[in-house]
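J.: Dropping in final38.pdb, which is PDB, C-alpha atoms:
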```
ATOM      1  CA  MET K 393     -13.932 -18.051 -13.801
ATOM      2  CA  LYS K 394     -11.879 -15.025 -12.995
ATOM      3  CA  LYS K 395      -8.568 -15.641 -11.232
ATOM      4  CA  ILE K 396      -6.836 -13.118  -8.962
ATOM      5  CA  ILE K 397      -3.199 -13.176  -7.859
ATOM      6  CA  TYR K 398      -2.074 -11.646  -5.170
ATOM      7  CA  LEU K 399       6.668   4.511  15.345
ATOM      8  CA  ALA K 400      11.471  10.634  21.944
ATOM      9  CA  GLY K 401       9.654   7.574  23.387
ATOM     10  CA  LEU K 402       7.465   8.740  26.239
ATOM     11  CA  ALA K 403       8.197   7.521  29.755
ATOM     12  CA  ILE K 404       4.999   6.431  31.479
ATOM     13  CA  ALA K 405       4.624   7.362  35.126
ATOM     14  CA  ILE K 406       1.758   5.748  37.000
ATOM     15  CA  SER K 407       1.347   6.352  40.695
ATOM     16  CA  GLY K 408      -0.353   4.015  43.124
ATOM     17  CA  CYS K 409      -0.020   0.864  41.015
ATOM     18  CA  LYS K 410       1.432  -2.386  42.193
ATOM     19  CA  LYS K 411       4.909  -3.120  40.983
ATOM     20  CA  ASP K 412       3.854  -6.012  38.804
ATOM     21  CA  ASP K 413       1.044  -3.963  37.247
ATOM     22  CA  CYS K 414       3.100  -0.932  36.257
ATOM     23  CA  PRO K 415       3.829  -0.775  32.528
ATOM     24  CA  ALA K 416       7.465  -0.601  31.577
ATOM     25  CA  PRO K 417       8.577   2.870  30.538
ATOM     26  CA  VAL K 418       9.542   3.496  26.944
ATOM     27  CA  THR K 419      13.213   4.408  26.910
ATOM     28  CA  PRO K 420      14.142   6.994  24.277
ATOM     29  CA  THR K 421      16.951   6.078  21.934
ATOM     30  CA  ALA K 422      19.816   8.401  21.070
ATOM     31  CA  ASP K 423      18.291   9.211  17.673
ATOM     32  CA  ASN K 424      14.639   9.241  18.888
ATOM     33  CA  SER K 425      13.875   6.208  16.736
ATOM     34  CA  ARG K 426      10.700   4.231  17.336
ATOM     35  CA  THR K 427       9.115   1.006  16.254
ATOM     36  CA  PHE K 428       5.736   1.196  14.533
ATOM     37  CA  LYS K 429       3.080  -1.379  13.824
ATOM     38  CA  VAL K 430       1.457  -0.846  10.436
ATOM     39  CA  LEU K 431      -1.908  -2.465   9.682
ATOM     40  CA  VAL K 432      -3.204  -2.626   6.104
ATOM     41  CA  GLU K 433      -6.884  -3.588   5.754
ATOM     42  CA  ASN K 434      -9.045  -4.290   2.739
ATOM     43  CA  ILE K 435     -12.375  -2.642   3.628
ATOM     44  CA  SER K 436     -14.059  -2.994   0.252
ATOM     45  CA  THR K 437     -17.445  -4.721   0.068
ATOM     46  CA  THR K 438     -19.676  -6.345  -2.514
ATOM     47  CA  THR K 439     -21.108  -2.905  -3.363
ATOM     48  CA  THR K 440     -17.821  -1.003  -3.785
ATOM     49  CA  LEU K 441     -17.642  -1.188  -7.576
ATOM     50  CA  GLN K 442     -20.307  -0.617 -10.206
ATOM     51  CA  THR K 443     -22.945  -3.222 -10.906
ATOM     52  CA  GLY K 444     -21.517  -5.736 -13.314
ATOM     53  CA  ALA K 445     -18.004  -5.731 -11.912
ATOM     54  CA  MET K 446     -16.736  -9.240 -11.501
ATOM     55  CA  PRO K 447     -16.606 -11.384  -9.608
ATOM     56  CA  ASP K 448     -18.400  -9.691  -6.698
ATOM     57  CA  ARG K 449     -17.819  -5.871  -6.935
ATOM     58  CA  SER K 450     -15.200  -5.894  -4.181
ATOM     59  CA  VAL K 451     -11.609  -4.719  -4.785
ATOM     60  CA  PRO K 452      -8.860  -7.157  -3.891
ATOM     61  CA  LEU K 453      -5.464  -5.651  -3.090
ATOM     62  CA  SER K 454      -2.292  -7.373  -4.122
ATOM     63  CA  HIS K 455       0.298  -8.215  -1.538
ATOM     64  CA  GLY K 456       2.566  -5.201  -1.503
ATOM     65  CA  VAL K 457       5.947  -3.751  -0.726
ATOM     66  CA  TYR K 458       6.917  -1.172   1.890
ATOM     67  CA  ALA K 459      10.032   0.905   2.494
ATOM     68  CA  VAL K 460      11.299   3.423   5.067
ATOM     69  CA  TYR K 461      13.698   6.154   3.977
ATOM     70  CA  ALA K 462      14.676   9.780   4.623
ATOM     71  CA  SER K 463      15.083  10.708   0.964
ATOM     72  CA  GLY K 464      14.101   9.134  -2.311
ATOM     73  CA  SER K 465      11.003   7.037  -2.863
ATOM     74  CA  LEU K 466       9.600   3.846  -4.315
ATOM     75  CA  PHE K 467       8.234   5.885  -7.216
ATOM     76  CA  THR K 468       7.748   9.493  -8.277
ATOM     77  CA  LEU K 469       4.541  11.153  -9.460
ATOM     78  CA  GLY K 470       5.041  12.553 -12.955
ATOM     79  CA  GLN K 471       7.876  10.209 -13.843
ATOM     80  CA  ALA K 472       7.851   6.856 -15.581
ATOM     81  CA  ALA K 473       7.278   3.810 -13.413
ATOM     82  CA  ASP K 474      10.232   1.460 -13.163
ATOM     83  CA  GLU K 475       9.738  -2.208 -13.933
ATOM     84  CA  GLY K 476       9.181  -3.033 -10.266
ATOM     85  CA  ILE K 477       6.248  -0.635  -9.945
ATOM     86  CA  GLN K 478       4.882  -1.747 -13.304
ATOM     87  CA  ARG K 479       4.828  -5.372 -12.209
ATOM     88  CA  ILE K 480       3.012  -4.461  -8.972
ATOM     89  CA  ALA K 481       0.547  -2.128 -10.710
ATOM     90  CA  GLU K 482      -0.242  -4.463 -13.608
ATOM     91  CA  ASP K 483       0.133  -7.903 -12.094
ATOM     92  CA  GLY K 484       0.449  -7.639  -8.301
ATOM     93  CA  MET K 485       3.937  -9.144  -8.442
ATOM     94  CA  THR K 486       6.536  -7.799  -6.005
ATOM     95  CA  THR K 487       9.711  -9.738  -6.805
ATOM     96  CA  VAL K 488      11.303  -7.171  -9.108
ATOM     97  CA  LYS K 489      10.705  -4.249  -6.739
ATOM     98  CA  THR K 490      11.933  -6.216  -3.746
ATOM     99  CA  ASP K 491      15.138  -7.032  -5.604
ATOM    100  CA  VAL K 492      15.612  -3.322  -6.309
ATOM    101  CA  LEU K 493      15.043  -2.421  -2.655
ATOM    102  CA  ASN K 494      17.548  -5.039  -1.525
ATOM    103  CA  ASN K 495      20.252  -3.116  -3.364
ATOM    104  CA  MET K 496      18.980   0.456  -3.015
ATOM    105  CA  SER K 497      20.961   2.918  -0.907
ATOM    106  CA  GLY K 498      19.103   5.113   1.573
ATOM    107  CA  ILE K 499      16.499   2.464   2.396
ATOM    108  CA  PHE K 500      16.482   1.884   6.161
ATOM    109  CA  ASP K 501      13.791  -0.778   6.336
ATOM    110  CA  HIS K 502      11.751  -2.619   3.730
ATOM    111  CA  GLY K 503       9.767  -5.762   3.101
ATOM    112  CA  GLU K 504       6.509  -7.182   1.802
ATOM    113  CA  PHE K 505       3.076  -7.451   3.379
ATOM    114  CA  VAL K 506       0.818 -10.387   2.562
ATOM    115  CA  ALA K 507      -2.603 -11.759   3.428
ATOM    116  CA  PRO K 508      -2.999 -14.668   5.853
ATOM    117  CA  GLY K 509      -4.567 -16.847   3.156
ATOM    118  CA  GLY K 510      -8.057 -15.931   2.031
ATOM    119  CA  PRO K 511     -10.287 -17.082  -0.828
ATOM    120  CA  ASP K 512      -7.329 -17.705  -3.131
ATOM    121  CA  ASN K 513      -5.277 -19.380  -0.400
ATOM    122  CA  GLY K 514      -2.619 -16.885  -1.390
ATOM    123  CA  SER K 515      -1.052 -13.555  -0.633
ATOM    124  CA  ALA K 516      -3.628 -11.085  -2.013
ATOM    125  CA  LEU K 517      -5.797  -9.153   0.470
ATOM    126  CA  PHE K 518      -9.475  -9.790  -0.247
ATOM    127  CA  MET K 519     -12.334  -7.874   1.380
ATOM    128  CA  GLY K 520     -12.185  -8.214   5.154
ATOM    129  CA  GLU K 521      -8.575  -9.369   5.164
ATOM    130  CA  SER K 522      -5.647  -7.502   6.680
ATOM    131  CA  SER K 523      -1.892  -7.647   6.932
ATOM    132  CA  MET K 524       0.420  -6.259   9.622
ATOM    133  CA  PHE K 525       4.102  -5.445   9.565
ATOM    134  CA  MET K 526       6.600  -3.751  11.883
ATOM    135  CA  ILE K 527       9.051  -1.008  10.946
ATOM    136  CA  SER K 528      11.684   1.097  12.685
ATOM    137  CA  ALA K 529      12.038   4.806  11.938
ATOM    138  CA  LYS K 530      13.420   8.053  13.316
ATOM    139  CA  PRO K 531      12.369  11.703  12.898
ATOM    140  CA  GLY K 532      12.666  12.695   9.256
ATOM    141  CA  ASP K 533      11.872   9.224   7.927
ATOM    142  CA  LYS K 534       8.974   8.402   5.632
ATOM    143  CA  LEU K 535       7.020   5.250   4.881
ATOM    144  CA  GLN K 536       5.898   4.297   1.402
ATOM    145  CA  ILE K 537       3.883   1.331   0.191
ATOM    146  CA  ALA K 538       2.731  -0.008  -3.152
ATOM    147  CA  SER K 539      -0.206  -2.409  -3.559
ATOM    148  CA  MET K 540      -2.215  -3.092  -6.709
ATOM    149  CA  PHE K 541      -5.858  -2.099  -7.022
ATOM    150  CA  VAL K 542      -6.519  -5.470  -8.580
ATOM    151  CA  GLN K 543      -9.710  -4.504 -10.411
ATOM    152  CA  SER K 544      -7.681  -2.331 -12.790
ATOM    153  CA  ASN K 545      -5.128  -2.508 -15.536
ATOM    154  CA  ASP K 546      -2.255  -0.723 -13.788
ATOM    155  CA  TRP K 547      -3.439   1.155 -10.695
ATOM    156  CA  PHE K 548      -1.882   0.947  -7.254
ATOM    157  CA  TYR K 549      -2.139   2.536  -3.815
ATOM    158  CA  GLY K 550       0.717   4.462  -2.207
ATOM    159  CA  PHE K 551       1.160   7.489   0.014
ATOM    160  CA  GLY K 552       1.232  10.962  -1.495
ATOM    161  CA  GLU K 553       3.931  13.614  -1.137
ATOM    162  CA  GLY K 554       6.764  11.147  -1.594
ATOM    163  CA  GLY K 555       5.715   9.051   1.386
ATOM    164  CA  LEU K 556       4.114   9.261   4.818
ATOM    165  CA  ALA K 557       6.074  11.334   7.365
ATOM    166  CA  LEU K 558       6.215   9.141  10.472
ATOM    167  CA  PHE K 559       7.005  11.976  12.892
ATOM    168  CA  ASN K 560       5.678  15.443  13.546
ATOM    169  CA  GLY K 561       8.899  16.992  14.757
ATOM    170  CA  THR K 562      10.096  14.377  17.228
ATOM    171  CA  THR K 563       6.606  13.080  18.043
ATOM    172  CA  ALA K 564       5.618   9.828  16.392
ATOM    173  CA  ILE K 565       2.355   9.885  14.457
ATOM    174  CA  THR K 566      -0.422   7.486  15.364
ATOM    175  CA  GLY K 567      -3.811   6.419  14.027
ATOM    176  CA  ASP K 568      -5.613   6.036  10.718
ATOM    177  CA  VAL K 569      -3.483   7.504   7.915
ATOM    178  CA  SER K 570      -5.682   6.423   5.012
ATOM    179  CA  SER K 571      -6.359  10.038   4.025
ATOM    180  CA  LYS K 572      -2.695  10.240   3.000
ATOM    181  CA  LEU K 573      -3.091   7.470   0.431
ATOM    182  CA  VAL K 574      -3.391   8.098  -3.292
ATOM    183  CA  LEU K 575      -4.617   5.801  -6.039
ATOM    184  CA  TYR K 576      -1.973   5.998  -8.758
ATOM    185  CA  ASP K 577      -2.064   5.062 -12.421
ATOM    186  CA  ALA K 578       1.313   3.602 -13.393
ATOM    187  CA  GLY K 579       0.865   4.773 -16.993
ATOM    188  CA  SER K 580       2.002   1.487 -18.471
ATOM    189  CA  GLU K 581      -1.238  -0.110 -19.642
ATOM    190  CA  LEU K 582      -4.378   1.220 -21.305
ATOM    191  CA  ASP K 583      -7.102   1.769 -18.716
ATOM    192  CA  GLU K 584     -10.561   0.248 -18.524
ATOM    193  CA  ALA K 585     -13.399   0.876 -16.059
ATOM    194  CA  PRO K 586     -12.629  -0.702 -12.664
ATOM    195  CA  GLY K 587     -13.845  -4.278 -12.609
ATOM    196  CA  LEU K 588     -15.388  -4.042 -16.068
ATOM    197  CA  GLY K 589     -12.398  -4.517 -18.337
ATOM    198  CA  THR K 590     -11.302  -7.439 -20.462
ATOM    199  CA  THR K 591      -7.529  -7.189 -19.898
ATOM    200  CA  GLN K 592      -7.459  -6.545 -16.146
ATOM    201  CA  LYS K 593      -5.770  -8.950 -13.748
ATOM    202  CA  PRO K 594      -8.929 -10.871 -12.825
ATOM    203  CA  ASP K 595      -9.281 -11.738 -16.526
ATOM    204  CA  GLN K 596      -5.838 -13.346 -16.667
ATOM    205  CA  GLN K 597      -4.046 -16.396 -15.428
ATOM    206  CA  PRO K 598      -2.260 -15.708 -12.104
ATOM    207  CA  MET K 599       1.238 -15.708 -13.604
ATOM    208  CA  ASP K 600       0.400 -13.751 -16.757
ATOM    209  CA  MET K 601       2.293 -10.486 -17.137
ATOM    210  CA  ASN K 602       1.910  -7.337 -19.244
ATOM    211  CA  ILE K 603      -1.165  -8.527 -21.113
ATOM    212  CA  GLY K 604      -3.037  -5.321 -21.987
ATOM    213  CA  PRO K 605      -2.201  -2.695 -24.635
ATOM    214  CA  ASN K 606       0.159   0.141 -23.764
ATOM    215  CA  ASP K 607      -1.089   3.425 -22.307
ATOM    216  CA  GLY K 608      -0.513   6.621 -24.277
ATOM    217  CA  THR K 609       0.510   8.346 -21.045
ATOM    218  CA  THR K 610       3.766   6.816 -19.873
ATOM    219  CA  ILE K 611       4.182   8.542 -16.506
ATOM    220  CA  ILE K 612       2.704   7.911 -13.059
ATOM    221  CA  THR K 613      -0.410  10.012 -12.482
ATOM    222  CA  ASP K 614      -3.150  10.403  -9.872
ATOM    223  CA  ALA K 615      -5.817   8.008 -11.141
ATOM    224  CA  MET K 616      -8.653   9.979  -9.557
ATOM    225  CA  VAL K 617      -7.528  13.189 -11.230
ATOM    226  CA  ARG K 618      -6.954  11.559 -14.576
ATOM    227  CA  HIS K 619      -9.963   9.273 -14.805
ATOM    228  CA  SER K 620     -12.782  10.506 -12.527
ATOM    229  CA  ALA K 621     -14.583  12.142 -15.458
ATOM    230  CA  THR K 622     -14.484   8.872 -17.401
ATOM    231  CA  PHE K 623     -14.790   6.087 -14.853
ATOM    232  CA  THR K 624     -16.649   5.568 -11.583
ATOM    233  CA  ILE K 625     -13.829   5.053  -9.096
ATOM    234  CA  PRO K 626     -14.490   4.217  -5.429
ATOM    235  CA  ALA K 627     -13.115   6.588  -2.816
ATOM    236  CA  THR K 628      -9.911   5.352  -1.257
ATOM    237  CA  ASN K 629     -11.581   5.119   2.181
ATOM    238  CA  MET K 630     -14.009   2.612   0.685
ATOM    239  CA  VAL K 631     -11.245   0.221  -0.320
ATOM    240  CA  ILE K 632      -8.205   0.404   1.939
ATOM    241  CA  ARG K 633      -7.389   1.487   5.489
ATOM    242  CA  VAL K 634      -3.875   1.902   6.877
ATOM    243  CA  THR K 635      -3.311   2.401  10.606
ATOM    244  CA  VAL K 636       0.044   3.282  12.170
ATOM    245  CA  THR K 637       0.651   2.585  15.874
ATOM    246  CA  PRO K 638       3.899   3.498  17.634
ATOM    247  CA  GLN K 639       5.082   0.815  20.017
TER     248      GLN K 639
END
```
As a first step, turn the structure in this file into structure tokens.

T.:
Amino acid sequence: MKKIIYLAGLAIAISGCKKDDCPAPVTPTADNSRTFKVLVENISTTTTLQTGAMPDRSVPLSHGVYAVYASGSLFTLGQAADEGIQRIAEDGMTTVKTDVLNNMSGIFDHGEFVAPGGPDNGSALFMGESSMFMISAKPGDKLQIASMFVQSNDWFYGFGEGGLALFNGTTAITGDVSSKLVLYDAGSELDEAPGLGTTQKPDQQPMDMNIGPNDGTTIITDAMVRHSATFTIPATNMVIRVTVTPQ
């Protein structure tokens, strides 16, 4: 049996309401910072992957890491993945990257997002599951995440362009931001068709690490660009949805 590890605030003026019914105004902070709720959802289904993908053609997502910063990033397209990203992309393990973030300058907020339990009674997000976390940010800040596309050898989801800009000028963004996500290939392990490989995470014991053969390309690439001619890869909006809501 396969085993899988795993938001200037706006003042609200409402006339004619009773005192107790009036919502409290949002008071702007000196630096226009806001709090955001971020919801990560696994929206894959039992028809997302090709016929034959095990165990049920859905795409679990590993529990992931997130970070807020004004410069820098969790990873860089076209450069080699550090060990922390490799462990997330290959094995869905976040410890190494979290340790890096704990000691990384320029990171304003960071943490991990996990599932509430699910089929594995663990932290991975299976189809239909979601995870929510809160962040604080100010104009100029970006959000980045990293979560393994579990039915792969070393693929993971993150935002493009060095991270998701959380403000348009001084206005906080809001809504579904899934179109900003990219499926990345970490470049550390030889790739097989999604859900059809023999050295992908579902084929391993939960705590196994770095099982498959090395990839000839040792830099982070866009998996869709690199592999769409070879493999059938589900569109990102068939697997994961991320919604950002300023509070």

J.: Please tell me which residues are no farther than 7 Å from (2.1, 5.3, -15.0) in the file, counting all atoms listed in the file, and write them as JSON, numbers by chain.

T.: {"K": [472, 473, 577, 578, 579, 580, 609, 610, 611, 612, 613]}

J.: With 8 Å on each side, where is the centre of the axis-aligned box around all listed atoms of stretch 623-631 of chain K, and how long are its edges in Å to one decimal, as lines of an AutoDock Vina configuration file?

T.:
```
center_x = -13.3
center_y = 3.4
center_z = -6.3
size_x = 22.7
size_y = 22.4
size_z = 33.0
```

J.: So the first atom is atom CA of K:Lys593 and the second is atom CA of K:Leu431; what is the distance between them in Å, to one decimal place?

T.: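 Computing the Euclidean distance for atom CA of K:Lys593 and atom CA of K:Leu431 yields 24.6 Å.
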
J.: Apply the PyMOL selection byres ((chain K and resi 446-454) around 9) to the file shown and report the selected residues as a compact mmCIF listing (two decimals) with C-alpha atoms, in the coordinates of the input.

T.:
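What follows is the written file selection15.txt:
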```txt
# COMPACT_ATOMS: atom_id res chain seq x y z
CA MET K 393 -13.93 -18.05 -13.80
CA LYS K 394 -11.88 -15.02 -13.00
CA ILE K 396 -6.84 -13.12 -8.96
CA ILE K 397 -3.20 -13.18 -7.86
CA TYR K 398 -2.07 -11.65 -5.17
CA ASN K 434 -9.04 -4.29 2.74
CA ILE K 435 -12.38 -2.64 3.63
CA SER K 436 -14.06 -2.99 0.25
CA THR K 437 -17.44 -4.72 0.07
CA THR K 438 -19.68 -6.34 -2.51
CA THR K 439 -21.11 -2.90 -3.36
CA THR K 440 -17.82 -1.00 -3.78
CA LEU K 441 -17.64 -1.19 -7.58
CA GLN K 442 -20.31 -0.62 -10.21
CA THR K 443 -22.94 -3.22 -10.91
CA GLY K 444 -21.52 -5.74 -13.31
CA ALA K 445 -18.00 -5.73 -11.91
CA HIS K 455 0.30 -8.22 -1.54
CA GLY K 456 2.57 -5.20 -1.50
CA ILE K 480 3.01 -4.46 -8.97
CA ALA K 481 0.55 -2.13 -10.71
CA ASP K 483 0.13 -7.90 -12.09
CA GLY K 484 0.45 -7.64 -8.30
CA MET K 485 3.94 -9.14 -8.44
CA VAL K 506 0.82 -10.39 2.56
CA ALA K 507 -2.60 -11.76 3.43
CA SER K 515 -1.05 -13.56 -0.63
CA ALA K 516 -3.63 -11.08 -2.01
CA LEU K 517 -5.80 -9.15 0.47
CA PHE K 518 -9.48 -9.79 -0.25
CA MET K 519 -12.33 -7.87 1.38
CA ALA K 538 2.73 -0.01 -3.15
CA SER K 539 -0.21 -2.41 -3.56
CA MET K 540 -2.22 -3.09 -6.71
CA PHE K 541 -5.86 -2.10 -7.02
CA VAL K 542 -6.52 -5.47 -8.58
CA GLN K 543 -9.71 -4.50 -10.41
CA PHE K 548 -1.88 0.95 -7.25
CA TYR K 549 -2.14 2.54 -3.82
CA PRO K 586 -12.63 -0.70 -12.66
CA GLY K 587 -13.84 -4.28 -12.61
CA LEU K 588 -15.39 -4.04 -16.07
CA PRO K 594 -8.93 -10.87 -12.82
CA VAL K 631 -11.24 0.22 -0.32
CA ILE K 632 -8.20 0.40 1.94
```

J.: Restricting the calculation to all atoms listed in the file: of K:Thr637, K:Asn424, K:Asn629, K:Asn495, which residue gets closest to K:Thr562?

T.: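 Using all atoms listed in the file, the shortest distance to K:Thr562 belongs to K:Asn424.
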
J.: Can you tell me how far atom CA of K:Gly464 sits from atom CA of K:Val488, in Å to one decimal?

T.: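 These two atoms are separated by 17.9 Å.
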
J.: Which one is closest to K:Thr628: K:Gly498, K:Gly561, K:Glu433, K:Gly514? Count all atoms listed in the file.

T.: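 Counting all atoms listed in the file, the residue closest to K:Thr628 is K:Glu433.
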
J.: Can you tell me, as a compact mmCIF listing (two decimals) with C-alpha atoms, keeping the file's coordinate frame, what residues are no more than 12 Å from K:Gly503 when counting all atoms listed in the file, ignoring any on the same chain fewer than 3 positions away?

T.:
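Below is the file out.txt, written as the result:
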```
# COMPACT_ATOMS: atom_id res chain seq x y z
CA HIS K 455 0.30 -8.22 -1.54
CA GLY K 456 2.57 -5.20 -1.50
CA VAL K 457 5.95 -3.75 -0.73
CA TYR K 458 6.92 -1.17 1.89
CA ALA K 459 10.03 0.90 2.49
CA VAL K 460 11.30 3.42 5.07
CA THR K 486 6.54 -7.80 -6.00
CA THR K 487 9.71 -9.74 -6.80
CA LYS K 489 10.70 -4.25 -6.74
CA THR K 490 11.93 -6.22 -3.75
CA ASP K 491 15.14 -7.03 -5.60
CA VAL K 492 15.61 -3.32 -6.31
CA LEU K 493 15.04 -2.42 -2.66
CA ASN K 494 17.55 -5.04 -1.52
CA ILE K 499 16.50 2.46 2.40
CA PHE K 500 16.48 1.88 6.16
CA VAL K 506 0.82 -10.39 2.56
CA MET K 524 0.42 -6.26 9.62
CA PHE K 525 4.10 -5.44 9.56
CA MET K 526 6.60 -3.75 11.88
CA ILE K 527 9.05 -1.01 10.95
CA SER K 528 11.68 1.10 12.68
CA LEU K 535 7.02 5.25 4.88
CA GLN K 536 5.90 4.30 1.40
CA ILE K 537 3.88 1.33 0.19
CA ALA K 538 2.73 -0.01 -3.15
```

J.: Translate the PyMOL selection byres ((chain K and resi 558) around 7) into a concrete residue list for this structure, as a list of chain:residue names.

T.: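 In the shown coordinates, the PyMOL selection byres ((chain K and resi 558) around 7) covers K:Leu399, K:Asp533, K:Lys534, K:Leu535, K:Leu556, K:Ala557, K:Phe559, K:Ala564, K:Ile565.
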
J.: Write the residues of the preceding selection, restricted to C-alpha atoms, as a PDB file, in the frame of the given file.

T.:
```
ATOM      1  CA  LEU K 399       6.668   4.511  15.345  1.00  0.00           C
ATOM      2  CA  ASP K 533      11.872   9.224   7.927  1.00  0.00           C
ATOM      3  CA  LYS K 534       8.974   8.402   5.632  1.00  0.00           C
ATOM      4  CA  LEU K 535       7.020   5.250   4.881  1.00  0.00           C
ATOM      5  CA  LEU K 556       4.114   9.261   4.818  1.00  0.00           C
ATOM      6  CA  ALA K 557       6.074  11.334   7.365  1.00  0.00           C
ATOM      7  CA  PHE K 559       7.005  11.976  12.892  1.00  0.00           C
ATOM      8  CA  ALA K 564       5.618   9.828  16.392  1.00  0.00           C
ATOM      9  CA  ILE K 565       2.355   9.885  14.457  1.00  0.00           C
TER      10      ILE K 565
END
```

J.: Ranking K:Thr566, K:Thr427, K:Ser571, K:Ser497 by minimum distance to K:Tyr461 and counting all atoms listed in the file, which one comes first?

T.: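 With all atoms listed in the file as the atom set, the closest residue is K:Ser497.
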
J.: Between atom CA of K:Leu573 and atom CA of K:Pro511, what is the distance, to one decimal in Å?

T.: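 Straight-line distance from atom CA of K:Leu573 to atom CA of K:Pro511 works out to 25.6 Å.
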
J.: Smallest atom-to-atom distance to K:Thr591: which of K:Glu504, K:Asp546, K:Ala462, K:Gln478, using only C-alpha atoms?

T.: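 Of K:Glu504, K:Asp546, K:Ala462, K:Gln478, the one nearest K:Thr591, counting only C-alpha atoms, is K:Asp546.
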